[in-house]
file upload_19.txt (compact mmCIF, C-alpha atoms)
# COMPACT_ATOMS: atom_id res chain seq x y z
CA MET A 5 27.07 -1.48 0.04
CA THR A 6 23.65 -0.57 -1.33
CA GLY A 7 23.06 3.04 -2.34
CA ARG A 8 21.09 5.72 -0.52
CA LEU A 9 17.38 5.68 -1.36
CA ALA A 10 15.06 8.56 -0.46
CA VAL A 11 11.43 9.19 -1.39
CA ALA A 12 9.22 12.27 -1.70
CA LEU A 13 5.44 12.62 -1.67
CA VAL A 14 4.59 15.57 -3.92
CA HIS A 15 1.43 17.69 -3.40
CA HIS A 16 2.40 20.27 -6.05
CA PRO A 17 2.69 20.40 -9.04
CA VAL A 18 0.28 17.52 -9.68
CA LEU A 19 -2.58 16.99 -12.10
CA ASP A 20 -6.28 17.25 -11.34
CA ARG A 21 -8.88 15.00 -12.98
CA HIS A 22 -9.17 17.36 -15.95
CA GLY A 23 -5.43 17.56 -16.64
CA GLY A 24 -4.95 20.96 -14.97
CA VAL A 25 -2.27 21.67 -12.36
CA GLN A 26 -3.36 21.59 -8.73
CA THR A 27 -2.02 21.53 -5.18
CA THR A 28 -3.47 18.69 -3.09
CA ALA A 29 -3.88 18.72 0.69
CA ILE A 30 -1.69 16.51 2.85
CA THR A 31 -3.53 13.29 3.75
CA ASN A 32 -2.62 12.10 7.22
CA LEU A 33 -2.75 8.43 6.30
CA ASP A 34 -0.44 8.94 3.30
CA VAL A 35 2.19 10.22 5.68
CA HIS A 36 1.71 7.34 8.13
CA ASP A 37 1.67 4.61 5.49
CA ILE A 38 4.58 5.88 3.41
CA ALA A 39 6.66 6.58 6.53
CA ARG A 40 6.11 2.95 7.62
CA SER A 41 6.89 1.59 4.15
CA SER A 42 9.99 3.81 3.94
CA ARG A 43 11.27 2.57 7.27
CA THR A 44 10.55 -1.07 6.38
CA TYR A 45 12.49 -0.78 3.13
CA GLY A 46 15.41 1.20 4.54
CA CYS A 47 14.84 4.61 2.96
CA ALA A 48 17.20 7.24 4.34
CA ALA A 49 14.65 10.06 4.10
CA PHE A 50 10.97 10.67 3.27
CA TYR A 51 10.18 14.22 2.12
CA ILE A 52 6.66 15.63 2.26
CA VAL A 53 6.47 18.33 -0.41
CA THR A 54 3.93 21.17 -0.32
CA PRO A 55 4.25 24.88 -1.10
CA VAL A 56 1.46 25.71 1.37
CA GLU A 57 3.06 27.00 4.57
CA ALA A 58 0.05 26.18 6.77
CA GLN A 59 0.13 22.58 5.52
CA ARG A 60 3.83 22.31 6.27
CA ALA A 61 3.19 23.63 9.79
CA GLN A 62 0.40 21.09 10.29
CA ALA A 63 2.61 18.23 9.09
CA ASN A 64 5.45 19.36 11.34
CA ALA A 65 3.07 19.51 14.30
CA MET A 66 2.03 15.90 13.65
CA LEU A 67 5.67 14.81 13.35
CA GLY A 68 6.46 16.70 16.56
CA TYR A 69 3.79 14.74 18.42
CA TRP A 70 5.06 11.36 17.26
CA GLU A 71 8.70 12.27 17.81
CA GLY A 72 7.95 13.53 21.32
CA ASP A 73 7.64 11.58 24.56
CA ARG A 74 3.87 11.22 24.38
CA GLY A 75 3.92 9.81 20.87
CA GLU A 76 6.75 7.45 21.75
CA ARG A 77 4.88 6.13 24.78
CA ARG A 78 1.79 5.58 22.63
CA ASN A 79 3.51 3.77 19.75
CA LYS A 80 7.28 3.71 19.54
CA ASP A 81 7.23 2.01 16.12
CA ARG A 82 5.44 5.08 14.80
CA THR A 83 8.07 7.34 16.38
CA GLU A 84 10.78 5.27 14.70
CA ALA A 85 9.00 5.50 11.32
CA PHE A 86 8.63 9.29 11.55
CA ARG A 87 12.24 9.97 12.48
CA ARG A 88 13.33 10.28 8.83
CA VAL A 89 10.41 12.41 7.62
CA HIS A 90 11.12 16.00 6.49
CA VAL A 91 8.70 18.66 5.29
CA VAL A 92 9.83 20.87 2.37
CA ALA A 93 8.25 23.41 0.01
CA THR A 94 9.31 22.04 -3.41
CA TYR A 95 10.65 18.79 -4.79
CA GLN A 96 13.77 20.71 -5.79
CA ASP A 97 14.29 21.42 -2.08
CA ALA A 98 14.28 17.65 -1.53
CA VAL A 99 16.86 17.19 -4.30
CA ASP A 100 19.01 19.98 -2.80
CA GLU A 101 18.74 18.55 0.71
CA GLU A 102 19.76 15.07 -0.51
CA THR A 103 22.71 16.63 -2.36
CA ARG A 104 23.77 18.61 0.73
CA VAL A 105 23.44 15.70 3.19
CA PHE A 106 24.96 12.96 1.06
CA GLY A 107 27.37 14.95 -1.10
CA THR A 108 26.09 13.71 -4.47
CA ARG A 109 23.07 14.80 -6.49
CA PRO A 110 20.52 11.95 -6.45
CA LEU A 111 19.14 10.34 -9.56
CA VAL A 112 15.61 11.74 -9.69
CA VAL A 113 13.19 8.90 -10.42
CA VAL A 114 9.51 9.48 -11.13
CA THR A 115 6.62 7.05 -11.19
CA SER A 116 3.36 7.26 -13.07
CA ALA A 117 0.21 5.27 -13.74
CA ARG A 118 0.31 6.76 -17.25
CA PRO A 119 2.02 4.79 -20.01
CA GLN A 120 4.96 7.12 -20.73
CA GLY A 121 7.37 5.42 -18.33
CA THR A 122 9.58 2.65 -19.67
CA VAL A 123 12.38 2.09 -17.16
CA PRO A 124 12.08 -1.36 -15.54
CA TYR A 125 12.17 -1.63 -11.74
CA THR A 126 15.01 -4.14 -12.01
CA ASP A 127 17.12 -1.43 -13.67
CA VAL A 128 16.74 1.02 -10.76
CA ARG A 129 17.19 -1.84 -8.28
CA ALA A 130 20.47 -2.82 -9.95
CA ARG A 131 21.70 0.78 -9.86
CA LEU A 132 20.88 1.03 -6.14
CA ASP A 133 22.59 -2.29 -5.47
CA ALA A 134 25.65 -0.90 -7.27
CA GLY A 135 25.70 2.12 -4.92
CA ALA A 136 23.62 4.73 -6.78
CA HIS A 137 21.90 7.50 -4.79
CA ALA A 138 18.26 7.93 -5.82
CA LEU A 139 15.25 10.05 -4.90
CA VAL A 140 11.90 8.59 -5.98
CA LEU A 141 9.04 11.10 -6.40
CA PHE A 142 5.43 9.97 -5.84
CA GLY A 143 2.62 12.20 -7.12
CA THR A 144 -0.69 12.71 -5.33
CA GLY A 145 -3.91 13.73 -7.13
CA HIS A 146 -3.86 12.46 -10.70
CA GLY A 147 -0.08 12.24 -10.84
CA LEU A 148 3.02 14.35 -11.39
CA THR A 149 2.91 16.92 -14.20
CA ASN A 150 4.70 16.46 -17.50
CA ASP A 151 7.20 19.16 -16.44
CA VAL A 152 8.28 17.04 -13.49
CA HIS A 153 8.55 13.99 -15.74
CA ALA A 154 10.68 15.98 -18.22
CA ALA A 155 13.02 17.17 -15.46
CA ALA A 156 13.53 13.66 -14.03
CA ASP A 157 16.43 11.35 -14.83
CA LEU A 158 14.30 8.18 -15.06
CA VAL A 159 10.58 7.45 -15.46
CA LEU A 160 9.57 4.03 -14.11
CA ALA A 161 7.11 1.88 -16.04
CA PRO A 162 3.53 1.86 -14.67
CA LEU A 163 2.51 -0.83 -12.18
CA VAL A 164 0.10 -3.22 -13.85
CA GLY A 165 -1.52 -6.53 -13.07
CA PRO A 166 -2.91 -9.21 -15.37
CA LYS A 167 -4.82 -8.09 -18.45
CA ASP A 168 -8.63 -8.16 -18.49
CA ASP A 169 -10.39 -10.43 -20.97
CA ASP A 170 -10.55 -7.54 -23.44
CA GLY A 171 -6.77 -7.06 -23.25
CA SER A 172 -6.93 -3.83 -21.21
CA THR A 173 -5.42 -3.19 -17.79
CA TRP A 174 -6.87 -1.21 -14.87
CA ASN A 175 -4.38 0.54 -12.64
CA HIS A 176 -5.88 2.96 -10.17
CA LEU A 177 -3.86 2.23 -7.07
CA SER A 178 -3.77 4.69 -4.20
CA VAL A 179 -0.44 6.52 -3.87
CA ARG A 180 0.02 4.72 -0.54
CA SER A 181 -0.30 1.34 -2.24
CA ALA A 182 1.85 2.32 -5.23
CA ALA A 183 4.63 3.61 -2.96
CA ALA A 184 4.60 0.38 -0.95
CA ILE A 185 4.80 -1.79 -4.07
CA ILE A 186 7.57 0.28 -5.64
CA LEU A 187 9.69 0.20 -2.48
CA ASP A 188 9.21 -3.57 -2.31
CA ARG A 189 10.30 -3.90 -5.93
CA LEU A 190 13.38 -1.72 -5.34
CA ARG A 191 14.38 -3.08 -1.93
CA GLY A 192 12.29 -6.08 -0.89
CA SER A 193 14.00 -9.36 -0.14
CA MET B 22 -5.22 -19.96 -17.57
CA THR B 23 -4.27 -18.47 -14.24
CA GLY B 24 -6.23 -19.57 -11.16
CA ARG B 25 -8.89 -17.67 -9.25
CA LEU B 26 -7.48 -15.37 -6.55
CA ALA B 27 -9.67 -13.84 -3.86
CA VAL B 28 -8.72 -11.82 -0.77
CA ALA B 29 -10.34 -11.15 2.61
CA LEU B 30 -9.74 -8.38 5.13
CA VAL B 31 -10.37 -9.86 8.57
CA HIS B 32 -11.56 -7.73 11.53
CA HIS B 33 -12.10 -10.72 13.84
CA PRO B 34 -10.41 -12.79 15.24
CA VAL B 35 -7.30 -10.58 15.30
CA LEU B 36 -4.75 -9.76 17.98
CA ASP B 37 -4.55 -6.59 20.01
CA ARG B 38 -1.25 -5.06 21.11
CA HIS B 39 -1.14 -7.21 24.23
CA GLY B 40 -1.72 -10.50 22.39
CA GLY B 41 -5.43 -10.75 23.29
CA VAL B 42 -8.18 -11.37 20.74
CA GLN B 43 -10.11 -8.34 19.52
CA THR B 44 -12.56 -7.18 16.87
CA THR B 45 -11.37 -4.10 14.99
CA ALA B 46 -13.61 -1.52 13.35
CA ILE B 47 -13.79 -1.30 9.56
CA THR B 48 -11.50 1.47 8.29
CA ASN B 49 -12.96 3.19 5.25
CA LEU B 50 -9.59 3.69 3.59
CA ASP B 51 -8.65 0.01 4.00
CA VAL B 52 -11.71 -0.88 1.95
CA HIS B 53 -10.93 1.71 -0.73
CA ASP B 54 -7.24 0.87 -1.03
CA ILE B 55 -7.59 -2.90 -0.99
CA ALA B 56 -10.52 -2.77 -3.44
CA ARG B 57 -8.33 -0.76 -5.83
CA SER B 58 -5.35 -3.09 -5.38
CA SER B 59 -7.61 -6.13 -5.83
CA ARG B 60 -9.04 -4.75 -9.07
CA THR B 61 -5.57 -3.81 -10.36
CA TYR B 62 -4.24 -7.31 -9.74
CA GLY B 63 -7.27 -9.17 -11.05
CA CYS B 64 -8.74 -10.58 -7.84
CA ALA B 65 -12.13 -12.21 -8.40
CA ALA B 66 -13.50 -11.15 -5.01
CA PHE B 67 -12.60 -9.06 -1.96
CA TYR B 68 -14.39 -10.08 1.26
CA ILE B 69 -14.72 -7.73 4.21
CA VAL B 70 -15.05 -9.88 7.32
CA THR B 71 -16.66 -8.66 10.53
CA PRO B 72 -19.04 -10.35 12.98
CA VAL B 73 -20.54 -6.95 13.94
CA GLU B 74 -23.85 -6.58 12.14
CA ALA B 75 -23.89 -2.76 12.37
CA GLN B 76 -20.43 -2.65 10.76
CA ARG B 77 -21.57 -4.91 7.94
CA ALA B 78 -24.57 -2.65 7.36
CA GLN B 79 -22.30 0.41 7.29
CA ALA B 80 -19.93 -1.24 4.80
CA ASN B 81 -22.84 -2.31 2.60
CA ALA B 82 -24.22 1.25 2.66
CA MET B 83 -20.86 2.58 1.42
CA LEU B 84 -20.71 -0.07 -1.31
CA GLY B 85 -24.28 0.77 -2.29
CA TYR B 86 -23.35 4.41 -2.77
CA TRP B 87 -20.38 3.64 -5.02
CA GLU B 88 -22.23 0.98 -6.98
CA GLY B 89 -25.19 3.33 -7.55
CA ASP B 90 -25.65 6.03 -10.17
CA ARG B 91 -24.40 8.87 -7.98
CA GLY B 92 -21.18 7.06 -7.09
CA GLU B 93 -20.60 6.07 -10.69
CA ARG B 94 -21.01 9.67 -11.89
CA ARG B 95 -18.60 10.84 -9.23
CA ASN B 96 -15.86 8.28 -9.91
CA LYS B 97 -16.55 5.32 -12.17
CA ASP B 98 -13.15 3.76 -11.42
CA ARG B 99 -14.24 3.51 -7.80
CA THR B 100 -17.52 1.88 -8.86
CA GLU B 101 -15.54 -0.62 -10.89
CA ALA B 102 -13.23 -1.36 -7.95
CA PHE B 103 -16.13 -1.94 -5.55
CA ARG B 104 -18.05 -4.30 -7.81
CA ARG B 105 -16.27 -7.39 -6.45
CA VAL B 106 -16.47 -6.47 -2.75
CA HIS B 107 -18.63 -8.62 -0.46
CA VAL B 108 -19.33 -8.23 3.25
CA VAL B 109 -19.45 -11.40 5.37
CA ALA B 110 -19.55 -12.31 9.07
CA THR B 111 -16.66 -14.79 9.33
CA TYR B 112 -13.68 -15.80 7.24
CA GLN B 113 -15.22 -19.26 6.99
CA ASP B 114 -18.17 -17.59 5.22
CA ALA B 115 -15.68 -16.27 2.66
CA VAL B 116 -14.22 -19.77 2.21
CA ASP B 117 -17.73 -21.21 1.81
CA GLU B 118 -18.78 -18.52 -0.68
CA GLU B 119 -15.65 -19.11 -2.79
CA THR B 120 -16.36 -22.86 -2.70
CA ARG B 121 -19.98 -22.29 -3.71
CA VAL B 122 -19.25 -19.82 -6.54
CA PHE B 123 -16.22 -21.52 -8.04
CA GLY B 124 -16.94 -25.15 -7.23
CA THR B 125 -13.65 -25.90 -5.50
CA ARG B 126 -12.52 -25.14 -1.96
CA PRO B 127 -9.81 -22.45 -2.14
CA LEU B 128 -6.35 -22.87 -0.67
CA VAL B 129 -6.50 -20.64 2.41
CA VAL B 130 -3.35 -18.53 2.56
CA VAL B 131 -2.49 -16.32 5.52
CA THR B 132 0.05 -13.56 5.87
CA SER B 133 1.81 -12.30 8.94
CA ALA B 134 4.45 -9.82 10.02
CA ARG B 135 5.45 -12.42 12.64
CA PRO B 136 8.23 -14.86 11.78
CA GLN B 137 6.25 -18.12 11.76
CA GLY B 138 5.50 -18.02 8.02
CA THR B 139 7.89 -19.76 5.68
CA VAL B 140 6.11 -20.22 2.34
CA PRO B 141 7.78 -18.12 -0.38
CA TYR B 142 5.62 -15.83 -2.54
CA THR B 143 7.01 -17.48 -5.65
CA ASP B 144 5.51 -20.77 -4.47
CA VAL B 145 1.95 -19.38 -4.23
CA ARG B 146 2.46 -17.48 -7.49
CA ALA B 147 3.47 -20.71 -9.26
CA ARG B 148 0.42 -22.52 -7.88
CA LEU B 149 -1.88 -19.72 -9.11
CA ASP B 150 -0.19 -19.74 -12.52
CA ALA B 151 -0.84 -23.49 -12.64
CA GLY B 152 -4.57 -22.88 -12.02
CA ALA B 153 -4.91 -23.12 -8.23
CA HIS B 154 -7.79 -21.35 -6.50
CA ALA B 155 -6.63 -19.32 -3.49
CA LEU B 156 -8.10 -17.05 -0.82
CA VAL B 157 -5.56 -14.80 0.91
CA LEU B 158 -6.51 -13.54 4.40
CA PHE B 159 -5.17 -10.20 5.64
CA GLY B 160 -5.41 -9.43 9.35
CA THR B 161 -6.13 -5.99 10.80
CA GLY B 162 -5.05 -4.91 14.29
CA HIS B 163 -1.91 -6.78 15.31
CA GLY B 164 -2.53 -9.65 12.93
CA LEU B 165 -4.51 -12.87 12.59
CA THR B 166 -4.69 -15.16 15.63
CA ASN B 167 -2.73 -18.39 15.93
CA ASP B 168 -5.98 -20.33 15.49
CA VAL B 169 -6.45 -18.80 12.04
CA HIS B 170 -2.83 -19.59 11.18
CA ALA B 171 -3.30 -23.19 12.33
CA ALA B 172 -6.44 -23.61 10.20
CA ALA B 173 -4.80 -22.20 7.05
CA ASP B 174 -3.25 -24.27 4.27
CA LEU B 175 -0.24 -21.99 3.78
CA VAL B 176 1.45 -19.24 5.82
CA LEU B 177 3.41 -16.76 3.70
CA ALA B 178 6.80 -15.51 4.89
CA PRO B 179 6.81 -11.99 6.39
CA LEU B 180 7.53 -9.01 4.13
CA VAL B 181 10.93 -7.59 5.02
CA GLY B 182 13.30 -5.03 3.60
CA PRO B 183 17.07 -4.69 4.00
CA LYS B 184 18.58 -5.40 7.41
CA ASP B 185 19.53 -2.55 9.72
CA ASP B 186 23.20 -2.15 10.71
CA ASP B 187 22.58 -4.26 13.81
CA GLY B 188 21.19 -7.11 11.67
CA SER B 189 17.57 -6.60 12.67
CA THR B 190 14.64 -5.82 10.41
CA TRP B 191 11.67 -3.50 11.02
CA ASN B 192 8.41 -4.48 9.42
CA HIS B 193 5.42 -2.49 10.55
CA LEU B 194 3.58 -1.94 7.29
CA SER B 195 -0.07 -0.91 7.26
CA VAL B 196 -2.43 -3.69 6.18
CA ARG B 197 -3.24 -1.55 3.11
CA SER B 198 0.44 -1.47 2.12
CA ALA B 199 1.04 -5.15 2.91
CA ALA B 200 -1.97 -6.21 0.82
CA ALA B 201 -0.77 -4.11 -2.13
CA ILE B 202 2.74 -5.60 -1.98
CA ILE B 203 1.50 -9.17 -1.63
CA LEU B 204 -0.88 -8.85 -4.59
CA ASP B 205 1.96 -7.40 -6.66
CA ARG B 206 4.19 -10.33 -5.69
CA LEU B 207 1.48 -12.85 -6.56
CA ARG B 208 0.16 -11.22 -9.72
CA GLY B 209 2.29 -8.20 -10.80
CA SER B 210 3.89 -8.20 -14.23
call {"tool": "encode", "arguments": {"input": "upload_19.txt", "output": "C-alpha cells"}}
result
Amino acid sequence: MTGRLAVALVHHPVLDRHGGVQTTAITNLDVHDIARSSRTYGCAAFYIVTPVEAQRAQANAMLGYWEGDRGERRNKDRTEAFRRVHVVATYQDAVDEETRVFGTRPLVVVTSARPQGTVPYTDVRARLDAGAHALVLFGTGHGLTNDVHAAADLVLAPLVGPKDDDGSTWNHLSVRSAAAIILDRLRGS
Amino acid sequence: MTGRLAVALVHHPVLDRHGGVQTTAITNLDVHDIARSSRTYGCAAFYIVTPVEAQRAQANAMLGYWEGDRGERRNKDRTEAFRRVHVVATYQDAVDEETRVFGTRPLVVVTSARPQGTVPYTDVRARLDAGAHALVLFGTGHGLTNDVHAAADLVLAPLVGPKDDDGSTWNHLSVRSAAAIILDRLRGS
C-alpha cells in the first residue's frame, strides 16, 4: 500500500528576483494545472497557501464554482480535480492539517531550481512506495526561502535536462511544469 | 551524441469535446511554459502550429517583444527560451522545416491521453540517445485527430498515475503539464 502524498503551492514566504521575501498572487492557471496533475498522480490533497485573506476568499470562490452544479455540468473532470483542493494561510497549516487528517506528521519535502538540493527523486519514491506520508511544497515567485528549506525534512535535487555545449544547464521551468514533472517522477507508471 | 529533438504545439487539426475537428486559439501561457520546458530539456526547436494567419501574427508579435531589447532587459531567461520558437501554418510545415534545417526527415511522434498509444517512453529515449531525429507533436483541445495519429511514425503510451480503488485511472493533464512530463521522460537526467 503506497503512502499518502499531498502537495502545497506556496505564495509566501517566497523569494523575489532580488532575493528578498515576497508574497505572490494566486495564479488561476497554477491552481487548475496542479489540481489536474495532483488528481492524475493520486495526491490525497492539494493545499493552496497564502496569508492574504482576500486571496483565500477568491480561491475558495473559484473552488465553490467548480464544485457546484454549474461547474460540474460545464466540466465534471474539473470538478473531480478540485475536490481535494484546500486553501490555507501558512504551509505549517498544511502540515498540521495533514497530521490531523492522517494521524502522522508528513515528511516535509521541498523542491528548488537552486543547486542546494541533493535528495534523488527515486529516494522519495521508494519511501512513498514503502508507505511514507509526505507533503511536497512547491514555491512560486523565485522559489521557497532558505528558512523553509531549513525547516524541511528533505530537499529534492533540481530538475535539469542535458548540458549545453559549454557544460552549463538552464532550468527555468514554470512551477506548473515543475510540479507535473515531480509528481510523475514520484508516482508515474 | 544525442539526436535532435524538436516539439510542436498543434492548434489544428484537434478534437473538440464532442469528437469533431476544431481549431483552438493560441494560449499565451502554453507558449511560455512549453518554451521554458523545451529550453530546459535541450529541444532544438519549438513550433507553434496554427492555420489562422491572425493568430500567427499575434504569436510572432509576442516573440518579437521577448526577442527584442525591451524583453531581454525585462527577463533575459525568457528571451533565451523564446529564441528557438517558430510559428508555422501546419504540422507538415514543421516536419518540412526540420527536414530542411537538419537534412533528415524527423521521426514524427504523437502523444495522446487516449489509450491507442503503446510505444514506451524508454523506446523513444533510446532512439534519441542513439542519434535519432524526432519531432514530438502535442495536441491542444481534446487531442490530435485520428488522421494525425495515423500519419505519425510512433504513438506514445498515455501518461497515467496510480490506479484508483476501482481500478480506473484519471488522466486529464493540461497540455503544458503533459509536454513538461514527456520532455523530462525523454531527456531528463
call {"tool": "closest_residue", "arguments": {"input": "upload_19.txt", "among": "A:Asp73, A:Asp127, A:Asp81, A:Asp97", "to": "Ala12 (chain A)", "atoms": "all atoms listed in the file"}}
result
A:Asp97
call {"tool": "calpha_fit_and_write", "arguments": {"input": "upload_19.txt", "fixed": "chain A", "moving": "chain B", "output": "compact mmCIF listing (two decimals) with C-alpha atoms, in the frame of the given file"}}
result
# COMPACT_ATOMS: atom_id res chain seq x y z
CA MET B 22 27.05 -1.49 0.06
CA THR B 23 23.66 -0.58 -1.31
CA GLY B 24 23.06 3.04 -2.33
CA ARG B 25 21.07 5.70 -0.51
CA LEU B 26 17.35 5.68 -1.36
CA ALA B 27 15.05 8.55 -0.45
CA VAL B 28 11.41 9.18 -1.38
CA ALA B 29 9.21 12.27 -1.70
CA LEU B 30 5.43 12.62 -1.67
CA VAL B 31 4.58 15.56 -3.92
CA HIS B 32 1.43 17.69 -3.40
CA HIS B 33 2.39 20.27 -6.05
CA PRO B 34 2.70 20.38 -9.04
CA VAL B 35 0.27 17.50 -9.66
CA LEU B 36 -2.59 16.99 -12.09
CA ASP B 37 -6.27 17.24 -11.33
CA ARG B 38 -8.87 15.03 -13.00
CA HIS B 39 -9.19 17.39 -15.94
CA GLY B 40 -5.44 17.57 -16.64
CA GLY B 41 -4.94 20.97 -14.96
CA VAL B 42 -2.27 21.66 -12.35
CA GLN B 43 -3.36 21.59 -8.71
CA THR B 44 -2.03 21.53 -5.16
CA THR B 45 -3.47 18.69 -3.08
CA ALA B 46 -3.89 18.72 0.68
CA ILE B 47 -1.69 16.50 2.85
CA THR B 48 -3.53 13.29 3.75
CA ASN B 49 -2.62 12.11 7.23
CA LEU B 50 -2.76 8.43 6.30
CA ASP B 51 -0.45 8.93 3.29
CA VAL B 52 2.19 10.23 5.68
CA HIS B 53 1.70 7.35 8.12
CA ASP B 54 1.66 4.61 5.49
CA ILE B 55 4.56 5.87 3.41
CA ALA B 56 6.65 6.57 6.54
CA ARG B 57 6.09 2.95 7.61
CA SER B 58 6.88 1.58 4.14
CA SER B 59 9.97 3.80 3.93
CA ARG B 60 11.26 2.56 7.28
CA THR B 61 10.53 -1.07 6.37
CA TYR B 62 12.48 -0.79 3.12
CA GLY B 63 15.39 1.18 4.53
CA CYS B 64 14.82 4.60 2.96
CA ALA B 65 17.19 7.24 4.35
CA ALA B 66 14.62 10.04 4.11
CA PHE B 67 10.97 10.66 3.27
CA TYR B 68 10.17 14.22 2.13
CA ILE B 69 6.67 15.64 2.25
CA VAL B 70 6.45 18.33 -0.42
CA THR B 71 3.93 21.17 -0.32
CA PRO B 72 4.26 24.88 -1.11
CA VAL B 73 1.45 25.70 1.37
CA GLU B 74 3.05 27.01 4.55
CA ALA B 75 0.04 26.19 6.76
CA GLN B 76 0.14 22.58 5.51
CA ARG B 77 3.84 22.32 6.28
CA ALA B 78 3.19 23.64 9.79
CA GLN B 79 0.40 21.09 10.27
CA ALA B 80 2.62 18.23 9.08
CA ASN B 81 5.46 19.37 11.34
CA ALA B 82 3.06 19.52 14.31
CA MET B 83 2.04 15.90 13.67
CA LEU B 84 5.68 14.82 13.36
CA GLY B 85 6.48 16.70 16.56
CA TYR B 86 3.81 14.76 18.43
CA TRP B 87 5.08 11.36 17.28
CA GLU B 88 8.72 12.26 17.80
CA GLY B 89 7.99 13.54 21.33
CA ASP B 90 7.67 11.60 24.57
CA ARG B 91 3.90 11.24 24.41
CA GLY B 92 3.96 9.82 20.88
CA GLU B 93 6.79 7.47 21.75
CA ARG B 94 4.91 6.12 24.78
CA ARG B 95 1.83 5.61 22.66
CA ASN B 96 3.54 3.80 19.77
CA LYS B 97 7.32 3.72 19.56
CA ASP B 98 7.24 2.02 16.14
CA ARG B 99 5.46 5.10 14.83
CA THR B 100 8.10 7.35 16.40
CA GLU B 101 10.77 5.28 14.70
CA ALA B 102 8.99 5.51 11.34
CA PHE B 103 8.63 9.30 11.56
CA ARG B 104 12.24 9.99 12.46
CA ARG B 105 13.32 10.28 8.82
CA VAL B 106 10.40 12.42 7.62
CA HIS B 107 11.12 15.99 6.49
CA VAL B 108 8.71 18.66 5.28
CA VAL B 109 9.82 20.86 2.36
CA ALA B 110 8.26 23.41 0.00
CA THR B 111 9.29 22.04 -3.41
CA TYR B 112 10.64 18.79 -4.79
CA GLN B 113 13.77 20.70 -5.81
CA ASP B 114 14.28 21.42 -2.08
CA ALA B 115 14.28 17.65 -1.52
CA VAL B 116 16.85 17.19 -4.31
CA ASP B 117 19.00 19.97 -2.81
CA GLU B 118 18.75 18.55 0.72
CA GLU B 119 19.76 15.07 -0.49
CA THR B 120 22.70 16.64 -2.36
CA ARG B 121 23.73 18.60 0.72
CA VAL B 122 23.44 15.70 3.20
CA PHE B 123 24.94 12.96 1.07
CA GLY B 124 27.34 14.93 -1.09
CA THR B 125 26.08 13.70 -4.45
CA ARG B 126 23.07 14.79 -6.48
CA PRO B 127 20.52 11.94 -6.43
CA LEU B 128 19.13 10.33 -9.56
CA VAL B 129 15.59 11.73 -9.68
CA VAL B 130 13.17 8.90 -10.43
CA VAL B 131 9.49 9.46 -11.12
CA THR B 132 6.60 7.05 -11.20
CA SER B 133 3.35 7.25 -13.08
CA ALA B 134 0.21 5.27 -13.76
CA ARG B 135 0.32 6.78 -17.27
CA PRO B 136 2.04 4.80 -20.02
CA GLN B 137 4.98 7.13 -20.75
CA GLY B 138 7.37 5.40 -18.34
CA THR B 139 9.57 2.64 -19.67
CA VAL B 140 12.38 2.08 -17.16
CA PRO B 141 12.08 -1.37 -15.54
CA TYR B 142 12.18 -1.64 -11.74
CA THR B 143 15.01 -4.14 -12.01
CA ASP B 144 17.12 -1.44 -13.67
CA VAL B 145 16.75 1.02 -10.76
CA ARG B 146 17.20 -1.83 -8.28
CA ALA B 147 20.49 -2.82 -9.95
CA ARG B 148 21.72 0.79 -9.86
CA LEU B 149 20.90 1.04 -6.14
CA ASP B 150 22.61 -2.28 -5.46
CA ALA B 151 25.67 -0.89 -7.26
CA GLY B 152 25.69 2.13 -4.91
CA ALA B 153 23.63 4.74 -6.77
CA HIS B 154 21.90 7.50 -4.80
CA ALA B 155 18.25 7.91 -5.82
CA LEU B 156 15.24 10.04 -4.90
CA VAL B 157 11.89 8.59 -5.98
CA LEU B 158 9.02 11.09 -6.40
CA PHE B 159 5.42 9.96 -5.84
CA GLY B 160 2.62 12.19 -7.11
CA THR B 161 -0.70 12.71 -5.33
CA GLY B 162 -3.91 13.72 -7.11
CA HIS B 163 -3.85 12.46 -10.69
CA GLY B 164 -0.08 12.24 -10.83
CA LEU B 165 3.01 14.36 -11.38
CA THR B 166 2.91 16.93 -14.19
CA ASN B 167 4.71 16.48 -17.50
CA ASP B 168 7.20 19.16 -16.45
CA VAL B 169 8.27 17.03 -13.49
CA HIS B 170 8.55 13.99 -15.76
CA ALA B 171 10.67 15.98 -18.22
CA ALA B 172 13.03 17.17 -15.46
CA ALA B 173 13.52 13.66 -14.02
CA ASP B 174 16.43 11.35 -14.82
CA LEU B 175 14.31 8.19 -15.05
CA VAL B 176 10.59 7.44 -15.46
CA LEU B 177 9.56 4.04 -14.10
CA ALA B 178 7.10 1.88 -16.04
CA PRO B 179 3.52 1.86 -14.68
CA LEU B 180 2.50 -0.82 -12.18
CA VAL B 181 0.09 -3.21 -13.87
CA GLY B 182 -1.52 -6.52 -13.06
CA PRO B 183 -2.90 -9.21 -15.38
CA LYS B 184 -4.81 -8.10 -18.47
CA ASP B 185 -8.60 -8.16 -18.50
CA ASP B 186 -10.37 -10.42 -21.02
CA ASP B 187 -10.53 -7.53 -23.49
CA GLY B 188 -6.75 -7.04 -23.26
CA SER B 189 -6.90 -3.84 -21.23
CA THR B 190 -5.42 -3.21 -17.81
CA TRP B 191 -6.85 -1.21 -14.90
CA ASN B 192 -4.37 0.54 -12.67
CA HIS B 193 -5.87 2.95 -10.20
CA LEU B 194 -3.85 2.22 -7.08
CA SER B 195 -3.76 4.68 -4.20
CA VAL B 196 -0.45 6.53 -3.88
CA ARG B 197 0.01 4.73 -0.53
CA SER B 198 -0.30 1.34 -2.25
CA ALA B 199 1.85 2.32 -5.24
CA ALA B 200 4.63 3.60 -2.96
CA ALA B 201 4.58 0.37 -0.94
CA ILE B 202 4.80 -1.80 -4.07
CA ILE B 203 7.56 0.28 -5.64
CA LEU B 204 9.69 0.20 -2.48
CA ASP B 205 9.21 -3.57 -2.31
CA ARG B 206 10.30 -3.90 -5.94
CA LEU B 207 13.37 -1.73 -5.35
CA ARG B 208 14.39 -3.07 -1.95
CA GLY B 209 12.28 -6.11 -0.90
CA SER B 210 14.02 -9.39 -0.14
call {"tool": "axis_aligned_box", "arguments": {"input": "upload_19.txt", "around": "region 90-98 of chain B", "padding_each_side": "8 Å", "output": "AutoDock Vina command-line options"}}
result
--center_x -19.4 --center_y 7.3 --center_z -9.6 --size_x 28.5 --size_y 23.1 --size_z 21.1
call {"tool": "residues_around", "arguments": {"input": "upload_19.txt", "residues": "Ser41 (chain A)", "least_positions_apart": "4", "cutoff": "7 Å", "atoms": "all atoms listed in the file", "output": "ChimeraX atom specification"}}
result
/A:37,45,184 /B:194
